[in-house]
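**Q** Starting off with a structure, shown below.
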Protein chains: 4
Amino acid sequence: MTHLPERLLAGYRSFMASRYSAESQRYRALARDGQKPETMVVACCDSRAAPETIFDAGPGELFVVRNVANLVPPYAPDGRHHGTSAALEFAVQSLKVKSIVIMGHGRCGGIGAALNPTAEPLSPGDFIGKWMGLVAPAAAALAGNSMTAAERQTALERISVRYQVENLRSFPCVKILEDKGRLSLHGAWFDIERGELWVMDPKTGDFERPLLD
Amino acid sequence: MTHLPERLLAGYRSFMASRYSAESQRYRALARDGQKPETMVVACCDSRAAPETIFDAGPGELFVVRNVANLVPPYAPDGRHHGTSAALEFAVQSLKVKSIVIMGHGRCGGIGAALNPTAEPLSPGDFIGKWMGLVAPAAAALAGNSMTAAERQTALERISVRYQVENLRSFPCVKILEDKGRLSLHGAWFDIERGELWVMDPKTGDFERPLLD
Amino acid sequence: MTHLPERLLAGYRSFMASRYSAESQRYRALARDGQKPETMVVACCDSRAAPETIFDAGPGELFVVRNVANLVPPYAPDGRHHGTSAALEFAVQSLKVKSIVIMGHGRCGGIGAALNPTAEPLSPGDFIGKWMGLVAPAAAALAGNSMTAAERQTALERISVRYQVENLRSFPCVKILEDKGRLSLHGAWFDIERGELWVMDPKTGDFERPLLD
Amino acid sequence: MTHLPERLLAGYRSFMASRYSAESQRYRALARDGQKPETMVVACCDSRAAPETIFDAGPGELFVVRNVANLVPPYAPDGRHHGTSAALEFAVQSLKVKSIVIMGHGRCGGIGAALNPTAEPLSPGDFIGKWMGLVAPAAAALAGNSMTAAERQTALERISVRYQVENLRSFPCVKILEDKGRLSLHGAWFDIERGELWVMDPKTGDFERPLLD
């Protein structure tokens, strides 16, 4: 008996029968020639917001980092294990991606935790508390105004995307390539309920829905 | 003009016309009721190995962390920003997932970097070098035998999956729930070329292809 | 009563009624004209991995040496009785075969013995211990890493095939003909469970399953 | 492109489509449970006399050693690499086979070489000359009588089978088990032209064709 939840195994069977079957040549070429994605996406772990699904992306298209609340910790060359920084370095320096998209989304649990820190951490290690501490100042600055809880949540989700785009620029390799016009940085925000994609205007920072037709 | 690469926008249009259109009720329910994924997947950033694709998973099914080489740094409650630990804590304590899958894959660039550290780091921060330092001892133990480079790469990819499963157990909340039978830990390895999924036997640690018929 | 196990006698009756009956002309021609096999196979004694079965070979096709773990002791013109060397010399110099295949397989008892030498030899002569001593250095070089027992076994089975191909080249008659392009050397590995044949890439030494369609 | 002669690859495809396909459960059981052959056969490398073919044997039935002229060098616990002795030890002590069959055949090239030693060895190592030296005294004793060349060849082929059965008994582990009635030794001789199997009478040493019906 295979040691894997049956649902996953059934999904894998379906993948083999349909997608892999139809794209086996592409998979073989990607194995032989290596990946050459043009886009890196920093997305949230949320099960409702997979970038490959939202962008209908095939194998080889998107290099994807996923962490809680799609954060990019600022540049810190201190000898520690920085997972997101390592992925960024690899995408930019080795794969030479042309674009990086910070992909936020509505109803984000991490952003919610930043806005409503619990008295009790989720576990003694309080990893979520410390991780979301990266946006704690922005969360605190939203307190005391007259926004509703939902408005405040959406506001911080979008503020955070702008912060993460700025954090990308704290990495010298990103800054240099962006200045040379060889790398573009983007922000986006996905509305789970309506399936809407909102794109950040790089000049104003505002989020707008693209006209699709 | 939308500030997003045209390929992404085209993909999003396709998502709206097909998947969202077909599953709008599901998206609305997921927005209203929140996510309740039963499975967390720790996968690699590699553009050729998206878990949603391989498991043919729909919205709401998989809570996904993706970092270079699908690593789980061991439990370290030290006050730093641990992205993967935060995601793990959130999935286990808040979402109460039932299974966690460490999902490795062939031709992994991170594992390749661990086996062949370059004299020059990719950037002055050497984030990949430090991140992959998590498997450096296992990489060193593979040197000096008569395996080919490709065999050594596959061996380390699988050894690393076993290590990450073990690292999951260094988190008290994971260990306790696993001991109670409420959380199961799994290892898997995906062959990009052939689309094959190899599943780790929890007793022996060996990887085997499930018989699909 | 015939002094032969009944199972063998029944099998022989079946051979006469079917195969010999259908191919009697071929057997008569092979008796009259002598054998002219184009391929020599060095295979293991294992009852689950007969080359004629795996290659669906008829009479006259394969010149087959079988010893424990399909080894080729290196060239040693010392006046002793070298069974495998004698077969090699006969195949190359007298029969002028065009190809030699070293045919390893999974779950090989000889390779297992090399990896796990017992305190007690199988018999006072310790013939297996001495014979498998031919791959003892390669077995030792695999110790101390984090591979599972099964992974280490497969690794040594394949390393050994590469070594035996190299040992073939220690015979001057083999080396000269290979250099002239008149003799080709091959490695293969058979998976008993799945019936899969993995073929060695002569450049990298890696084993790959041929795409059969 | 697969590095294997096309004929072998075609044969393997045929094996997969017919035999493996029909016997996959048996192969899987043999992989899982290990081999348990009841019979060891010492046969010649000759391409026209494969034991699995002649005994119509399936996977797991016959443990097979094949060397030139199906010889068993006498017991010599001297620290050298003895391939046939190693196989014998493994079959008797580890697999605990119940029968051993020495399987000679007509038109044997090795026996021919023993009867007609060439002035020039096949190669400077003269491996065939030294290997067939094991039956040189018996070959010399046949010279000077009035047998035809073909009669002398058949005579030596059968004399040699009797010698090899005797050599089996030089191994203490064989002798002890035979005396206890737990291991039986057999001689046989195969006529390539007619497909006839001749079985050695253990008392007289004569070869006779079993009555098949």
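Labels for the structure tokens follow display order: chains A, B, ..., residues from 1 in each chain, ligands from 1.
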Could you list, with a cut-off of 10 Å and counting only C-alpha atoms, the residues of segment 154-186 of chain D near segment 132-142 of chain D, each shown with its nearest atom pair and the distance in Å rounded to one decimal, rows sorted by chain and ascending number, as JSON lines?

**A**
```
{"residue": "D:Ala155", "atom": "CA", "partner": "D:Leu142", "partner_atom": "CA", "distance": 8.5}
{"residue": "D:Leu156", "atom": "CA", "partner": "D:Ala139", "partner_atom": "CA", "distance": 6.6}
{"residue": "D:Glu157", "atom": "CA", "partner": "D:Ala139", "partner_atom": "CA", "distance": 9.8}
{"residue": "D:Ile159", "atom": "CA", "partner": "D:Ala138", "partner_atom": "CA", "distance": 7.7}
{"residue": "D:Ser160", "atom": "CA", "partner": "D:Val135", "partner_atom": "CA", "distance": 6.8}
{"residue": "D:Tyr163", "atom": "CA", "partner": "D:Val135", "partner_atom": "CA", "distance": 8.4}
{"residue": "D:Gln164", "atom": "CA", "partner": "D:Val135", "partner_atom": "CA", "distance": 9.6}
```

**Q** Go ahead and save the picked residues with N, CA, C and O atoms, as a compact mmCIF listing (two decimals), in the first residue's frame.

**A**
```
# COMPACT_ATOMS: atom_id res chain seq x y z
N ALA D 155 32.42 -38.44 -27.08
CA ALA D 155 32.96 -39.20 -25.95
C ALA D 155 33.52 -38.27 -24.88
O ALA D 155 33.22 -38.41 -23.68
N LEU D 156 34.29 -37.27 -25.30
CA LEU D 156 34.89 -36.37 -24.31
C LEU D 156 33.83 -35.49 -23.66
O LEU D 156 33.91 -35.18 -22.47
N GLU D 157 32.84 -35.09 -24.45
CA GLU D 157 31.77 -34.28 -23.86
C GLU D 157 31.10 -35.02 -22.69
O GLU D 157 30.79 -34.45 -21.66
N ILE D 159 32.40 -37.83 -21.06
CA ILE D 159 33.41 -38.09 -20.01
C ILE D 159 33.53 -36.86 -19.11
O ILE D 159 33.57 -36.95 -17.88
N SER D 160 33.55 -35.69 -19.76
CA SER D 160 33.72 -34.46 -18.99
C SER D 160 32.55 -34.23 -18.03
O SER D 160 32.75 -33.80 -16.88
N TYR D 163 33.20 -36.23 -15.07
CA TYR D 163 34.26 -35.61 -14.26
C TYR D 163 33.72 -34.44 -13.43
O TYR D 163 34.08 -34.25 -12.28
N GLN D 164 32.88 -33.63 -14.05
CA GLN D 164 32.40 -32.44 -13.33
C GLN D 164 31.48 -32.85 -12.18
O GLN D 164 31.51 -32.24 -11.11
```

**Q** Which residues are near Val92 of chain A? Cut-off 8 Å, only C-alpha atoms, ignore same chain within fewer than 5 positions. Put them as JSON, numbers by chain.

**A** {"A": [97, 173, 174]}

**Q** For segment 33-41 of chain B, work out the shell of residues within 10 Å, counting only C-alpha atoms and skipping chain neighbours fewer than 3 positions away, then give it as a VMD selection string.

**A** (chain A and resid 5 7 to 8 45 to 48 107 to 109) or (chain B and resid 27 to 30 44 51 to 52 59 to 66 70 87 to 88 91 to 92 94 to 103 183 to 187)

**Q** Would you mind writing down, as an NGL selection string, each residue of segment 38-209 of chain D that DSSP on the backbone assigns to strand (DSSP E)?

**A** :D and (39-44 or 62-67 or 99-105 or 184-191 or 196-200 or 207-208)

**Q** Identify, with DSSP run on backbone atoms, the residues in chain B assigned to alpha helix (DSSP H), and express the list as a PyMOL selection string.

**A** chain B and resi 6-15+21-33+51-54+83-89+109-115+127-132+136-141+149-168+172-179

**Q** Residues near Met200 of chain D, anyone? I mean within 9 Å using only C-alpha atoms, not counting same-chain ones fewer than 2 positions away, as a CSV table (one decimal) with N, CA, C and O atoms, in the first residue's frame.

**A**
```csv
chain,number,residue,atom,x,y,z
C,2,THR,N,13.9,-42.0,-15.0
C,2,THR,CA,15.0,-41.1,-15.4
C,2,THR,C,15.5,-40.4,-14.2
C,2,THR,O,14.8,-40.0,-13.3
C,3,HIS,N,16.8,-40.4,-14.2
C,3,HIS,CA,17.5,-39.7,-13.0
C,3,HIS,C,17.6,-38.2,-13.3
C,3,HIS,O,18.7,-37.7,-13.6
C,4,LEU,N,16.5,-37.5,-13.2
C,4,LEU,CA,16.4,-36.1,-13.4
C,4,LEU,C,15.2,-35.6,-12.7
C,4,LEU,O,14.2,-36.3,-12.7
D,158,ARG,N,30.9,-36.3,-22.9
D,158,ARG,CA,30.2,-37.1,-21.8
D,158,ARG,C,31.2,-37.5,-20.7
D,158,ARG,O,30.8,-37.5,-19.5
D,161,VAL,N,31.3,-34.5,-18.5
D,161,VAL,CA,30.2,-34.3,-17.6
D,161,VAL,C,30.4,-35.2,-16.3
D,161,VAL,O,30.2,-34.8,-15.2
D,162,ARG,N,30.8,-36.5,-16.5
D,162,ARG,CA,31.1,-37.4,-15.4
D,162,ARG,C,32.2,-36.8,-14.5
D,162,ARG,O,32.0,-36.8,-13.2
D,186,HIS,N,23.3,-34.6,-10.9
D,186,HIS,CA,22.8,-35.1,-12.2
D,186,HIS,C,23.8,-34.7,-13.3
D,186,HIS,O,24.4,-33.6,-13.3
D,187,GLY,N,23.8,-35.6,-14.3
D,187,GLY,CA,24.5,-35.2,-15.6
D,187,GLY,C,23.5,-35.3,-16.7
D,187,GLY,O,22.6,-36.1,-16.7
D,188,ALA,N,23.7,-34.4,-17.7
D,188,ALA,CA,22.8,-34.4,-18.9
D,188,ALA,C,23.6,-34.0,-20.1
D,188,ALA,O,24.7,-33.3,-19.9
D,189,TRP,N,23.2,-34.3,-21.3
D,189,TRP,CA,23.9,-33.9,-22.5
D,189,TRP,C,22.8,-33.6,-23.6
D,189,TRP,O,21.9,-34.4,-23.8
D,198,TRP,N,19.9,-36.2,-23.3
D,198,TRP,CA,20.4,-37.5,-22.8
D,198,TRP,C,20.7,-37.3,-21.4
D,198,TRP,O,21.4,-36.3,-21.0
D,202,PRO,N,23.2,-42.5,-12.9
D,202,PRO,CA,24.1,-42.2,-11.9
D,202,PRO,C,24.9,-43.5,-11.5
D,202,PRO,O,26.0,-43.3,-10.9
D,203,LYS,N,24.4,-44.6,-11.7
D,203,LYS,CA,25.2,-45.9,-11.4
D,203,LYS,C,26.2,-46.2,-12.4
D,203,LYS,O,27.4,-46.4,-12.1
D,204,THR,N,25.8,-46.2,-13.7
D,204,THR,CA,26.7,-46.7,-14.7
D,204,THR,C,27.5,-45.5,-15.3
D,204,THR,O,28.5,-45.8,-15.9
D,205,GLY,N,26.9,-44.3,-15.3
D,205,GLY,CA,27.6,-43.2,-16.0
D,205,GLY,C,27.1,-43.1,-17.4
D,205,GLY,O,27.5,-42.2,-18.1
D,206,ASP,N,26.3,-44.1,-17.9
D,206,ASP,CA,25.9,-44.0,-19.3
D,206,ASP,C,24.8,-42.9,-19.5
D,206,ASP,O,24.1,-42.6,-18.6
D,207,PHE,N,24.8,-42.5,-20.8
D,207,PHE,CA,23.8,-41.5,-21.1
D,207,PHE,C,22.7,-42.1,-21.9
D,207,PHE,O,22.9,-42.8,-22.9
D,208,GLU,N,21.5,-41.8,-21.5
D,208,GLU,CA,20.3,-42.4,-22.2
D,208,GLU,C,19.2,-41.4,-22.4
D,208,GLU,O,19.1,-40.4,-21.6
D,209,ARG,N,18.4,-41.6,-23.5
D,209,ARG,CA,17.3,-40.7,-23.7
D,209,ARG,C,16.1,-41.1,-22.9
D,209,ARG,O,15.7,-42.3,-23.0
```

**Q** Considering only C-alpha atoms, can you say which of C:Gly125, C:Gly112, C:Pro73, C:Gly181 comes closest to chain D?

**A**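 Of all the options, C:Gly125 lies closest to chain D.
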
**Q** Pick from C:Arg182, C:Arg169, C:Asp191, C:Thr148: nearest to chain B, with only C-alpha atoms counted?

**A** C:Thr148

**Q** With a distance cut-off of 7 Å and only C-alpha atoms, select the neighbouring residues of Ile128 of chain D, excluding the residue or stretch itself and same-chain residues fewer than 2 positions from it, and output the selection as an NGL selection string.

**A** (:C and (86 or 89-90)) or (:D and (126 or 130-132))

**Q** Neighbours of Ala49 of chain B within 8 Å (only C-alpha atoms; same-chain residues fewer than 5 positions away dropped), as a PyMOL selection string?

**A** (chain A and resi 59) or (chain B and resi 43-44+54+105+190+192)

**Q** Limited to N, CA, C and O atoms, could you put the picked residues into a file as a PDB file, in the first residue's frame?

**A**
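Result written to part-v2.pdb:
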```pdb
ATOM      1  N   PRO A  59       4.254  23.710 -17.069  1.00  0.00           N
ATOM      2  CA  PRO A  59       5.559  23.386 -16.503  1.00  0.00           C
ATOM      3  C   PRO A  59       6.655  24.246 -17.120  1.00  0.00           C
ATOM      4  O   PRO A  59       6.674  24.469 -18.333  1.00  0.00           O
TER       5      PRO A  59
ATOM      6  N   ALA B  43       7.441  22.110  -1.015  1.00  0.00           N
ATOM      7  CA  ALA B  43       7.951  21.803  -2.352  1.00  0.00           C
ATOM      8  C   ALA B  43       9.064  22.776  -2.732  1.00  0.00           C
ATOM      9  O   ALA B  43       9.334  23.740  -2.026  1.00  0.00           O
ATOM     10  N   CYS B  44       9.682  22.494  -3.857  1.00  0.00           N
ATOM     11  CA  CYS B  44      10.769  23.337  -4.349  1.00  0.00           C
ATOM     12  C   CYS B  44      10.203  24.463  -5.211  1.00  0.00           C
ATOM     13  O   CYS B  44       9.098  24.365  -5.746  1.00  0.00           O
ATOM     14  N   ILE B  54       1.046  18.537 -10.269  1.00  0.00           N
ATOM     15  CA  ILE B  54       1.375  17.115 -10.147  1.00  0.00           C
ATOM     16  C   ILE B  54       0.252  16.350  -9.447  1.00  0.00           C
ATOM     17  O   ILE B  54      -0.010  15.191  -9.755  1.00  0.00           O
ATOM     18  N   HIS B 105      12.385  16.545  -5.940  1.00  0.00           N
ATOM     19  CA  HIS B 105      12.278  16.277  -7.382  1.00  0.00           C
ATOM     20  C   HIS B 105      13.665  16.122  -7.988  1.00  0.00           C
ATOM     21  O   HIS B 105      14.666  16.537  -7.391  1.00  0.00           O
ATOM     22  N   PHE B 190       9.705  13.626  -7.353  1.00  0.00           N
ATOM     23  CA  PHE B 190       9.093  13.702  -8.678  1.00  0.00           C
ATOM     24  C   PHE B 190      10.165  13.693  -9.762  1.00  0.00           C
ATOM     25  O   PHE B 190      11.120  14.469  -9.711  1.00  0.00           O
ATOM     26  N   ILE B 192      10.976  14.706 -13.256  1.00  0.00           N
ATOM     27  CA  ILE B 192      10.452  15.658 -14.239  1.00  0.00           C
ATOM     28  C   ILE B 192      10.344  15.034 -15.626  1.00  0.00           C
ATOM     29  O   ILE B 192       9.355  15.221 -16.334  1.00  0.00           O
TER      30      ILE B 192
END
```

**Q** What does the distance from atom CA of Arg32 of chain A to atom CA of Glu193 of chain B come to in Å, to one decimal?

**A**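 Result for atom CA of Arg32 of chain A versus atom CA of Glu193 of chain B: 7.6 Å, one decimal.
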
**Q** How far is it from atom CA of Pro74 of chain C to atom CA of Asn145 of chain B, in Å with one decimal?

**A**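 Atom-to-atom, atom CA of Pro74 of chain C and atom CA of Asn145 of chain B are spaced 20.0 Å apart.
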